[in-house]
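K.L.:
Before we start, here is the structure in question, set down as structure tokens.
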Amino acid sequence: MNIGKSALILAIILVATVAGYLLYSDYFSSSTLENKQLISDNAVFVLESDQADQSWNKLVNHPLWEKIKTIPSFEKIATNLSTLDSLTGFQGQISRLLNGNNLTISYHPTGAESFDLLYILQLDKSSLENLLSSIKSNISGETKLVARTYSETEITEVTQGPDSRLMSFTYLNGLLVLSESSFLVEEAIRKSQVPAEELIPADLTASGEKGFATLWLRGKSLASFLKGVSKERESQQIRALENLDASVAYELFLDANQIRFEGNLDYSEAPSFTPSLAANISEIQKAISARTVSLTQFNLQGIAEIQQLENRGFVPKSTIQAEVQQNLIDQGFLDGFGGEFYLQELEARADGSSNLILVARLLNDNEPLEILKNYLQKESETYSDFYGNDEVFYVPTEELPAYLFSGKFVGFPQTFVIRRANIILFANSQEAVKMLLDDLNRGYTWDSNAIQDYLRAALSPSAGFSQTYRIKEIWNKWTTLTNTSWSSYFQKYRPVFSAFPYLTLRVNQIGEESKSSILITFDETAPEIEIAENQVNLQSDQILRFNQRLIWGPKEIINFQDNSKDLILQDQDHTLYLINSAGDIVYRYPLSGPIISDAFQVDYFKNGKLQLLLATKDKIYGIDRLGNPLTGYPFDLKESITHLQLVDYDNTRDYRYFVATESANLLLLDKTGNKLEGWNPNPISENSLQSPRHYRVPGVGDYMGTLTSSGKLHLFNRRGEKQSGSPFDLSASFQSELFFGKSTTTNRFVLTGVSTDGQVMEVNFNGEVVNRNQLEKDDRDSEFKLIPDQNQNQFIILSKTFNQLKVFNSKQEVLFNIRVSEERLVYQYFDFGSDRQIFAVTDPLQNFTYLYDLSGNLLTNLPLDSSGPIQISFDQRANQYAIHTIMGDQMITYFLSA
């Protein structure tokens with residue numbers, strides 16, 4: 001079952017996306033809707049009112065109208081009503097016809113990607129004759145009424161010119177049936193002649209207070225709408241809706257600041273939606289990231305009720321099902337859970353992939369996790385890693401949550417499991433793990449002031465089920481899921497729909513009845529909607545001057561005392577500076593030469609206080625926050641250092657320093673500077689192109705490795721013993737490092753690299769090139785590089801041909817082309833989730849940095865002053881970037897709105 005997907009449909013329908021699209025393309029559609037015996041079973045929705053005139057007047061006089069009147073559909077509906085009124089002589093005849101007569105509107109597919117509306121109005125014969133008489137007496141010009149016969153029933157068509165049919169209508173036993181689609185009118189005639197089972201159960205009513213109108217929805221019919229608007233016509237969500245034998249009848253209300261639907265749910269297979277009495281929403285909110293764009297809540301009495309809600313759209317593989325059943329379920333894994341599950345969808349990755357986190361409350365201390373550990377230990381010795389202080393367990397089984405919980409919670413190609421107190425977290429990607437844990441550690445959650453009170457209220461302890469969408473935040477994701485026929489509309493009218501902060505669908509139990517509600521909020525005091533500017537506007541800047549020219553930095557590190565951000569820089573006299581968040585110099589420290597490494601932080605004494613680690617060509621430095629060297633530091637290796645990498649295998653803070661030297665040696669040191677056996681030194685015969693790395697491949701093991709510019713991949717175990725066959729010849733030269741992550745074609749971890757001549761390679765840890773693809777070259781002199789983001793989560797690929805720069809995403813799709821200088825440039829890529837990606841190009845000769853989004857648009861009107869790599873951070877609460885640059889003797893800070 002996927003009740004939550006229904007909310008997506010409702011968000012689009014109820015805020016007029018359906019009508020909007022059809023009229024946006026200047027085509028006012030229609031779809032079948034008829035009194036209940038005549039409604040076709042493919043109707044996406046059925047809307048009914050016996051006071052349609054009053055309902056329309058309520059709408060145009062409600063604050064909601066100011067939000068939606070810019071949508072072409074509503075503007076044109078108003079125009080059409082006015083035109084129809086004029087055709088009847090402005091005598092109020094249309095209003096009288098709608099008053100007290102039952103009007104139904106249904107919405108149906110008329111093609112693979114098109115839908116139309118069908119109107120059916122109860123109307124006696126004399127009223128119809130008066131209407132036609134009024135219209136005939138007022139039409140003029142090329143507008144004509146033309147009659148034809150279909151299945152022995154007369155259809156009248158309103159035409160304008162020889163080839164333009166505006167509307168078709170017929171009269172069937174007291175019902176006026178009309179549509180812009182003649183096919184739907186003909187379908188209504190067929191239905192009237194061959195009665196069929198009713199689409200809507202006869203006993204399903206929207207009981208209670210009478211609303212603005214009544215809306216009927218069915219799971220199976222909504223699936224047809226999803227098929228029509230989606231790129232992927234056969235998805236898990238669509239299959240779930242196709243197998244969802246459920247209907248709901250809503251009464252529609254227009255409140256002061258929200259659209260509200262209240263009604264009854266008919267779903268025979270569902271358990272009781274009585275909420276758990278043990279629900280602790282405030283505790284759960286602490287485990288939900290403020291970057292969550294949608295949240296699904298299951299809050300039932302126990303795990304048995306959770307398991308009754310089955311997603312029949314999920315098709316399990318028998319081998320995986322048997323393995324999960326035998327090793328986890330039969331061992332009592334589910335016994336440790338109650339009835340509380342919360343699926344949060346975080347901001348999507350740059351490539352559009354979803355970041356999902358399933359949060360569940362545990363009843364039995366440690367029991368499910370111990371069962372999981374026992375299972376993983378049978379499969380591999382390396383089944384966990386650490387992120388910060390949290391142990392993260394890797395489960396390679398595809399769709400593990402779906403196999404555990406009756407097909408629910410799909411979208412997990414692999415699963416990462418974390419335990420915090422009595423909360424267990426299931427993540428579908430490493431990026432999701434990092435994003436969530438970072439937010440939990442800094443308190444950026446749903447219980448903080450980062451989330452508005454009204455949004456926190458969307459998560460209710462009285463609901464057995466709920467689905468909440470933050471419309472503005474998830475709109476881009478929805479747009480990417482639509483097909484080309486619909487995506488242009490979604491893109492153009494995003495600002496309109498962003499006026500509605502969120503949508504919530506709820507289901508709860510009252511006695512023997514399942515009740516459902518939908519809330520769509522809006523701020524009636526908000527200013528009028530305007531199309532957003534393409535460029536990010538510069539807000540302000542700060543300048544800090546030094547006595548000497550700056551040559552390195554700025555680099556951001558954490559102040560362990562208050563969790564604020566410090567910056568470190570180096571001047572031409574090789575003095576290191578630590579600058580606090582207030583812009584004050586905390587200390588100056590003389591170094592032996594230019595810094596040649598990244599800046600790392602270590603907890604040397606294992607007491608939560610962080611020290612700085614970095615290297616010059618001849619020394620490795622450890623410095624505390626007061627500017628004092630650690631005991632025994634700096635180390636002098638008696639070799640010229642080219643690269644330094646920090647390694648902490650199991651988050652024990654027993655650090656290793658992985659070093660590459662100009663003598664083509666690899667060294668591994670402990671934190672006191674001792675060279676470890678097997679690495680004293682480990683020669684590789686050619687200088688390392690990149691910092692040597694430790695790779696932990698979940699479910700496989702640990703590897704130490706590096707790449708040379710000639711394409712030799714060296715892989716070792718932790719003891720310095722070569723992987724069989726190492727070094728592996730990749731048969732190409734390289735100018736950029738390898739990226740460690742998931743393959744674009746499989747679910748396995750690989751090393752991805754781009755050769756100088758544009759070959760994209762994926763290499764497994766047996767040294768085998770499992771995928772190789774040649775990118776298009778614009779010239780024989782085109783050169784290619786791989787540029788990872790600041791957190792090594794994603795990458796882009798660059799192709800430079802003279803002064804032309806082409807940028808590819810990780811799927812090797814062209815993002816954009818720009819003109820650049822032919823001089824030596826510095827490229828950086830920053831990814832802050834959702835649609836917040838920045839590509840930076842720095843020209844050290846001109847001292848300029850240009851910032852682009854991933855569509856190739858400049859983000860600032862003028863370039864930033866900068867002579868080298870820049871530092872960018874993003875403040876979620878302020879929704880702005882802090883950009884730090886150096887030029888001459890100045891460090892400059894820019895603040896830009898996101």
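The way I read the labels, and the way they are meant: chains A, B, ... in the order of the structure tokens, residue 1 as the first residue of every chain, and ligand 1 as the first ligand shown, with later ones counted on from there.
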Would you mind listing what lies within 9 Å of A:Lys286 as a VMD selection string, with only C-alpha atoms counted and same-chain residues fewer than 4 positions away left out?

P.N.:
chain A and resid 281 to 282 440 443 to 448

K.L.:
Using the chain letters and numbers from this document, which residues of stretch 465-614 of chain A does DSSP assign to alpha helix (DSSP H), as number ranges by chain?

P.N.:
A: 471-481, 484-492, 494-497

K.L.:
Do a neighbour search on A:Leu630 at 9 Å with only C-alpha atoms, toss out local chain neighbours closer than 5 positions, and write the hits as a ChimeraX atom specification.

P.N.:
/A:604,611,621-624

K.L.:
Quick one: everything within 10 Å of A:Leu376, counting only C-alpha atoms, minus sequence neighbours fewer than 3 positions away in the same chain. Send it as a VMD selection string.

P.N.:
chain A and resid 327 370 to 373 379 to 384 393 to 396 699

K.L.:
Output N, CA, C and O atoms of each residue in that selection to a file, as a PDB file, in the first residue's frame.

P.N.:
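Wrote it out as again09.pdb, contents follow:
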ATOM      1  N   ASN A 327      17.040 -15.397   8.410  1.00  0.00           N
ATOM      2  CA  ASN A 327      18.116 -14.828   9.213  1.00  0.00           C
ATOM      3  C   ASN A 327      17.688 -13.665  10.109  1.00  0.00           C
ATOM      4  O   ASN A 327      18.389 -13.340  11.065  1.00  0.00           O
ATOM      5  N   GLU A 370      21.252  -6.628  17.674  1.00  0.00           N
ATOM      6  CA  GLU A 370      22.088  -7.808  17.917  1.00  0.00           C
ATOM      7  C   GLU A 370      21.795  -8.914  16.911  1.00  0.00           C
ATOM      8  O   GLU A 370      22.703  -9.593  16.432  1.00  0.00           O
ATOM      9  N   ILE A 371      20.517  -9.087  16.573  1.00  0.00           N
ATOM     10  CA  ILE A 371      20.153 -10.079  15.560  1.00  0.00           C
ATOM     11  C   ILE A 371      20.743  -9.693  14.211  1.00  0.00           C
ATOM     12  O   ILE A 371      21.263 -10.540  13.473  1.00  0.00           O
ATOM     13  N   LEU A 372      20.702  -8.393  13.887  1.00  0.00           N
ATOM     14  CA  LEU A 372      21.281  -7.917  12.632  1.00  0.00           C
ATOM     15  C   LEU A 372      22.790  -8.143  12.619  1.00  0.00           C
ATOM     16  O   LEU A 372      23.354  -8.584  11.610  1.00  0.00           O
ATOM     17  N   LYS A 373      23.466  -7.854  13.728  1.00  0.00           N
ATOM     18  CA  LYS A 373      24.923  -8.062  13.803  1.00  0.00           C
ATOM     19  C   LYS A 373      25.271  -9.520  13.561  1.00  0.00           C
ATOM     20  O   LYS A 373      26.220  -9.838  12.828  1.00  0.00           O
ATOM     21  N   GLU A 379      28.181 -13.005   7.007  1.00  0.00           N
ATOM     22  CA  GLU A 379      28.388 -12.622   5.613  1.00  0.00           C
ATOM     23  C   GLU A 379      29.756 -12.004   5.369  1.00  0.00           C
ATOM     24  O   GLU A 379      30.339 -12.162   4.310  1.00  0.00           O
ATOM     25  N   SER A 380      30.265 -11.224   6.356  1.00  0.00           N
ATOM     26  CA  SER A 380      31.511 -10.491   6.127  1.00  0.00           C
ATOM     27  C   SER A 380      32.111 -10.072   7.455  1.00  0.00           C
ATOM     28  O   SER A 380      31.402  -9.837   8.437  1.00  0.00           O
ATOM     29  N   GLU A 381      33.448  -9.965   7.476  1.00  0.00           N
ATOM     30  CA  GLU A 381      34.119  -9.468   8.671  1.00  0.00           C
ATOM     31  C   GLU A 381      34.006  -7.942   8.763  1.00  0.00           C
ATOM     32  O   GLU A 381      34.117  -7.369   9.834  1.00  0.00           O
ATOM     33  N   THR A 382      33.816  -7.302   7.623  1.00  0.00           N
ATOM     34  CA  THR A 382      33.743  -5.835   7.581  1.00  0.00           C
ATOM     35  C   THR A 382      32.309  -5.433   7.269  1.00  0.00           C
ATOM     36  O   THR A 382      31.912  -5.363   6.114  1.00  0.00           O
ATOM     37  N   TYR A 383      31.526  -5.220   8.291  1.00  0.00           N
ATOM     38  CA  TYR A 383      30.114  -4.906   8.086  1.00  0.00           C
ATOM     39  C   TYR A 383      29.722  -3.570   8.697  1.00  0.00           C
ATOM     40  O   TYR A 383      28.546  -3.196   8.652  1.00  0.00           O
ATOM     41  N   SER A 384      30.675  -2.861   9.308  1.00  0.00           N
ATOM     42  CA  SER A 384      30.317  -1.569   9.894  1.00  0.00           C
ATOM     43  C   SER A 384      31.474  -0.596   9.764  1.00  0.00           C
ATOM     44  O   SER A 384      32.620  -0.971   9.535  1.00  0.00           O
ATOM     45  N   PHE A 393      26.053   0.327  10.286  1.00  0.00           N
ATOM     46  CA  PHE A 393      26.085  -1.047   9.797  1.00  0.00           C
ATOM     47  C   PHE A 393      25.602  -1.069   8.349  1.00  0.00           C
ATOM     48  O   PHE A 393      24.575  -0.472   8.021  1.00  0.00           O
ATOM     49  N   TYR A 394      26.355  -1.759   7.512  1.00  0.00           N
ATOM     50  CA  TYR A 394      26.035  -1.828   6.089  1.00  0.00           C
ATOM     51  C   TYR A 394      25.390  -3.162   5.766  1.00  0.00           C
ATOM     52  O   TYR A 394      25.938  -4.231   6.064  1.00  0.00           O
ATOM     53  N   VAL A 395      24.203  -3.108   5.142  1.00  0.00           N
ATOM     54  CA  VAL A 395      23.489  -4.312   4.714  1.00  0.00           C
ATOM     55  C   VAL A 395      23.320  -4.230   3.198  1.00  0.00           C
ATOM     56  O   VAL A 395      22.566  -3.391   2.693  1.00  0.00           O
ATOM     57  N   PRO A 396      24.009  -5.090   2.432  1.00  0.00           N
ATOM     58  CA  PRO A 396      23.938  -4.990   0.966  1.00  0.00           C
ATOM     59  C   PRO A 396      22.627  -5.478   0.372  1.00  0.00           C
ATOM     60  O   PRO A 396      22.364  -5.244  -0.808  1.00  0.00           O
ATOM     61  N   GLY A 699      31.054  -4.714   3.404  1.00  0.00           N
ATOM     62  CA  GLY A 699      30.848  -6.120   3.114  1.00  0.00           C
ATOM     63  C   GLY A 699      32.011  -6.803   2.444  1.00  0.00           C
ATOM     64  O   GLY A 699      31.961  -8.006   2.180  1.00  0.00           O
TER      65      GLY A 699
END

K.L.:
Might you pull out every residue within 12 Å of stretch 233-242 of chain A, with only C-alpha atoms counted and same-chain residues fewer than 2 positions away left off, and present them as a VMD selection string?

P.N.:
chain A and resid 1 to 9 42 44 112 to 113 217 to 231 244 to 247 309 to 316 399 402 407 to 411 481 to 483

K.L.:
Could you tell me how far atom CA of A:Ile520 sits from atom CA of A:His62, in Å to one decimal place?

P.N.:
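Computing it gives 14.6 Å between the two atoms.
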
K.L.:
With only C-alpha atoms as the counted atoms, please give the residues lying no more than 9 Å from A:Tyr589, apart from itself and same-chain residues fewer than 6 positions off, as a list in words.

P.N.:
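In the requested form, the answer reads His574, Thr575, Leu576, Tyr577, Leu578, Ile623, Gly627 and Asn628 of chain A.
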
K.L.:
Can you tell me which residues surround A:Gly767 at a distance of at most 8 Å, considering only C-alpha atoms, apart from same-chain residues fewer than 3 positions away, and format the answer as an mmCIF file with C-alpha atoms, in the first residue's frame?

P.N.:
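Output (part16.cif):
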data_model
loop_
_atom_site.group_PDB
_atom_site.id
_atom_site.type_symbol
_atom_site.label_atom_id
_atom_site.label_comp_id
_atom_site.auth_asym_id
_atom_site.auth_seq_id
_atom_site.Cartn_x
_atom_site.Cartn_y
_atom_site.Cartn_z
ATOM 1 C CA LEU A 713 46.480 1.892 -9.567
ATOM 2 C CA GLY A 725 48.077 -8.075 -9.504
ATOM 3 C CA SER A 726 48.816 -4.611 -8.122
ATOM 4 C CA PHE A 728 46.915 -2.335 -12.105
ATOM 5 C CA VAL A 763 37.444 -0.027 -11.456
ATOM 6 C CA ASN A 764 36.592 -2.622 -8.822
#

K.L.:
Given the choices A:Gly705, A:Ile838, A:Asp757, A:Ile883, which gets closest to A:Phe895 if the distance is worked out from only C-alpha atoms?

P.N.:
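Checking each candidate against A:Phe895, we get A:Ile883 as the closest.
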
K.L.:
Which of stretch 483-574 of chain A end up as strand (DSSP E or B) when DSSP is run on this backbone - answer as an MDAnalysis selection string?

P.N.:
chainID A and resid 502:510 513:521 538:545 550:558 565:571

K.L.:
Grab the residues selected above and save them as a short mmCIF file (atom, residue, chain, number, x, y, z; two decimals), in the first residue's frame with N, CA and C atoms.

P.N.:
data_model
loop_
_atom_site.label_atom_id
_atom_site.label_comp_id
_atom_site.auth_asym_id
_atom_site.auth_seq_id
_atom_site.Cartn_x
_atom_site.Cartn_y
_atom_site.Cartn_z
N TYR A 502 2.78 23.49 2.83
CA TYR A 502 2.80 22.03 2.94
C TYR A 502 1.40 21.46 2.73
N LEU A 503 1.38 20.17 2.45
CA LEU A 503 0.16 19.38 2.32
C LEU A 503 0.27 18.18 3.23
N THR A 504 -0.78 17.90 3.98
CA THR A 504 -0.79 16.74 4.87
C THR A 504 -2.04 15.90 4.63
N LEU A 505 -1.84 14.61 4.42
CA LEU A 505 -2.92 13.63 4.36
C LEU A 505 -2.88 12.82 5.64
N ARG A 506 -4.03 12.68 6.31
CA ARG A 506 -4.09 11.91 7.56
C ARG A 506 -5.20 10.87 7.50
N VAL A 507 -4.98 9.77 8.22
CA VAL A 507 -6.00 8.75 8.41
C VAL A 507 -6.01 8.39 9.89
N ASN A 508 -7.19 8.38 10.47
CA ASN A 508 -7.31 7.93 11.87
C ASN A 508 -8.59 7.13 12.04
N GLN A 509 -8.77 6.58 13.21
CA GLN A 509 -9.89 5.69 13.49
C GLN A 509 -10.81 6.35 14.50
N ILE A 510 -12.11 6.40 14.15
CA ILE A 510 -13.12 6.87 15.11
C ILE A 510 -14.19 5.78 15.17
N GLU A 513 -15.15 3.42 12.08
CA GLU A 513 -14.93 4.09 10.81
C GLU A 513 -13.51 4.62 10.69
N SER A 514 -12.98 4.50 9.46
CA SER A 514 -11.68 5.10 9.15
C SER A 514 -11.93 6.48 8.54
N LYS A 515 -11.39 7.50 9.18
CA LYS A 515 -11.58 8.88 8.75
C LYS A 515 -10.30 9.38 8.08
N SER A 516 -10.47 10.18 7.04
CA SER A 516 -9.32 10.74 6.35
C SER A 516 -9.50 12.25 6.22
N SER A 517 -8.39 12.96 6.25
CA SER A 517 -8.43 14.42 6.06
C SER A 517 -7.20 14.84 5.25
N ILE A 518 -7.34 15.96 4.56
CA ILE A 518 -6.24 16.57 3.83
C ILE A 518 -6.22 18.04 4.19
N LEU A 519 -5.06 18.55 4.53
CA LEU A 519 -4.88 19.97 4.84
C LEU A 519 -3.83 20.55 3.90
N ILE A 520 -4.18 21.65 3.23
CA ILE A 520 -3.23 22.38 2.39
C ILE A 520 -3.21 23.81 2.89
N THR A 521 -2.12 24.22 3.49
CA THR A 521 -2.05 25.53 4.12
C THR A 521 -1.56 26.60 3.16
N LEU A 538 24.19 39.44 -4.24
CA LEU A 538 25.21 39.68 -3.23
C LEU A 538 24.63 40.56 -2.13
N GLN A 539 24.76 40.14 -0.88
CA GLN A 539 24.16 40.90 0.21
C GLN A 539 25.16 41.83 0.89
N SER A 540 26.31 41.32 1.27
CA SER A 540 27.28 42.17 1.97
C SER A 540 28.64 41.48 1.92
N ASP A 541 29.69 42.19 2.33
CA ASP A 541 31.00 41.57 2.39
C ASP A 541 31.79 42.13 3.57
N GLN A 542 32.77 41.34 3.99
CA GLN A 542 33.68 41.74 5.07
C GLN A 542 35.11 41.53 4.58
N ILE A 543 36.01 42.43 4.99
CA ILE A 543 37.41 42.35 4.56
C ILE A 543 38.31 42.36 5.79
N LEU A 544 39.24 41.40 5.83
CA LEU A 544 40.23 41.32 6.91
C LEU A 544 41.61 41.43 6.26
N ARG A 545 42.41 42.42 6.71
CA ARG A 545 43.72 42.66 6.10
C ARG A 545 44.84 42.07 6.96
N LEU A 550 48.65 36.77 1.16
CA LEU A 550 48.15 35.45 1.53
C LEU A 550 48.36 34.48 0.37
N ILE A 551 48.81 33.25 0.68
CA ILE A 551 49.11 32.29 -0.37
C ILE A 551 48.34 30.97 -0.25
N TRP A 552 47.66 30.77 0.86
CA TRP A 552 46.95 29.48 1.06
C TRP A 552 45.70 29.75 1.90
N GLY A 553 44.64 28.98 1.60
CA GLY A 553 43.40 29.11 2.34
C GLY A 553 42.43 30.01 1.57
N PRO A 554 41.35 30.40 2.23
CA PRO A 554 40.95 30.02 3.58
C PRO A 554 40.34 28.62 3.62
N LYS A 555 40.57 27.93 4.74
CA LYS A 555 39.99 26.62 4.99
C LYS A 555 39.17 26.68 6.27
N GLU A 556 38.02 26.05 6.24
CA GLU A 556 37.11 26.09 7.39
C GLU A 556 37.33 24.88 8.29
N ILE A 557 37.44 25.13 9.60
CA ILE A 557 37.53 24.06 10.59
C ILE A 557 36.56 24.37 11.73
N ILE A 558 36.35 23.41 12.61
CA ILE A 558 35.35 23.55 13.68
C ILE A 558 36.01 24.03 14.96
N LYS A 565 32.47 28.12 13.32
CA LYS A 565 33.43 27.82 12.27
C LYS A 565 34.61 28.79 12.34
N ASP A 566 35.83 28.22 12.40
CA ASP A 566 37.06 29.00 12.30
C ASP A 566 37.61 28.90 10.88
N LEU A 567 38.53 29.80 10.55
CA LEU A 567 39.21 29.77 9.27
C LEU A 567 40.71 29.79 9.49
N ILE A 568 41.45 29.05 8.65
CA ILE A 568 42.91 29.09 8.71
C ILE A 568 43.44 29.56 7.36
N LEU A 569 44.53 30.32 7.42
CA LEU A 569 45.18 30.88 6.23
C LEU A 569 46.68 30.86 6.43
N GLN A 570 47.41 31.09 5.34
CA GLN A 570 48.87 31.20 5.41
C GLN A 570 49.32 32.34 4.52
N ASP A 571 50.31 33.11 5.02
CA ASP A 571 50.84 34.22 4.21
C ASP A 571 52.16 33.81 3.55
#
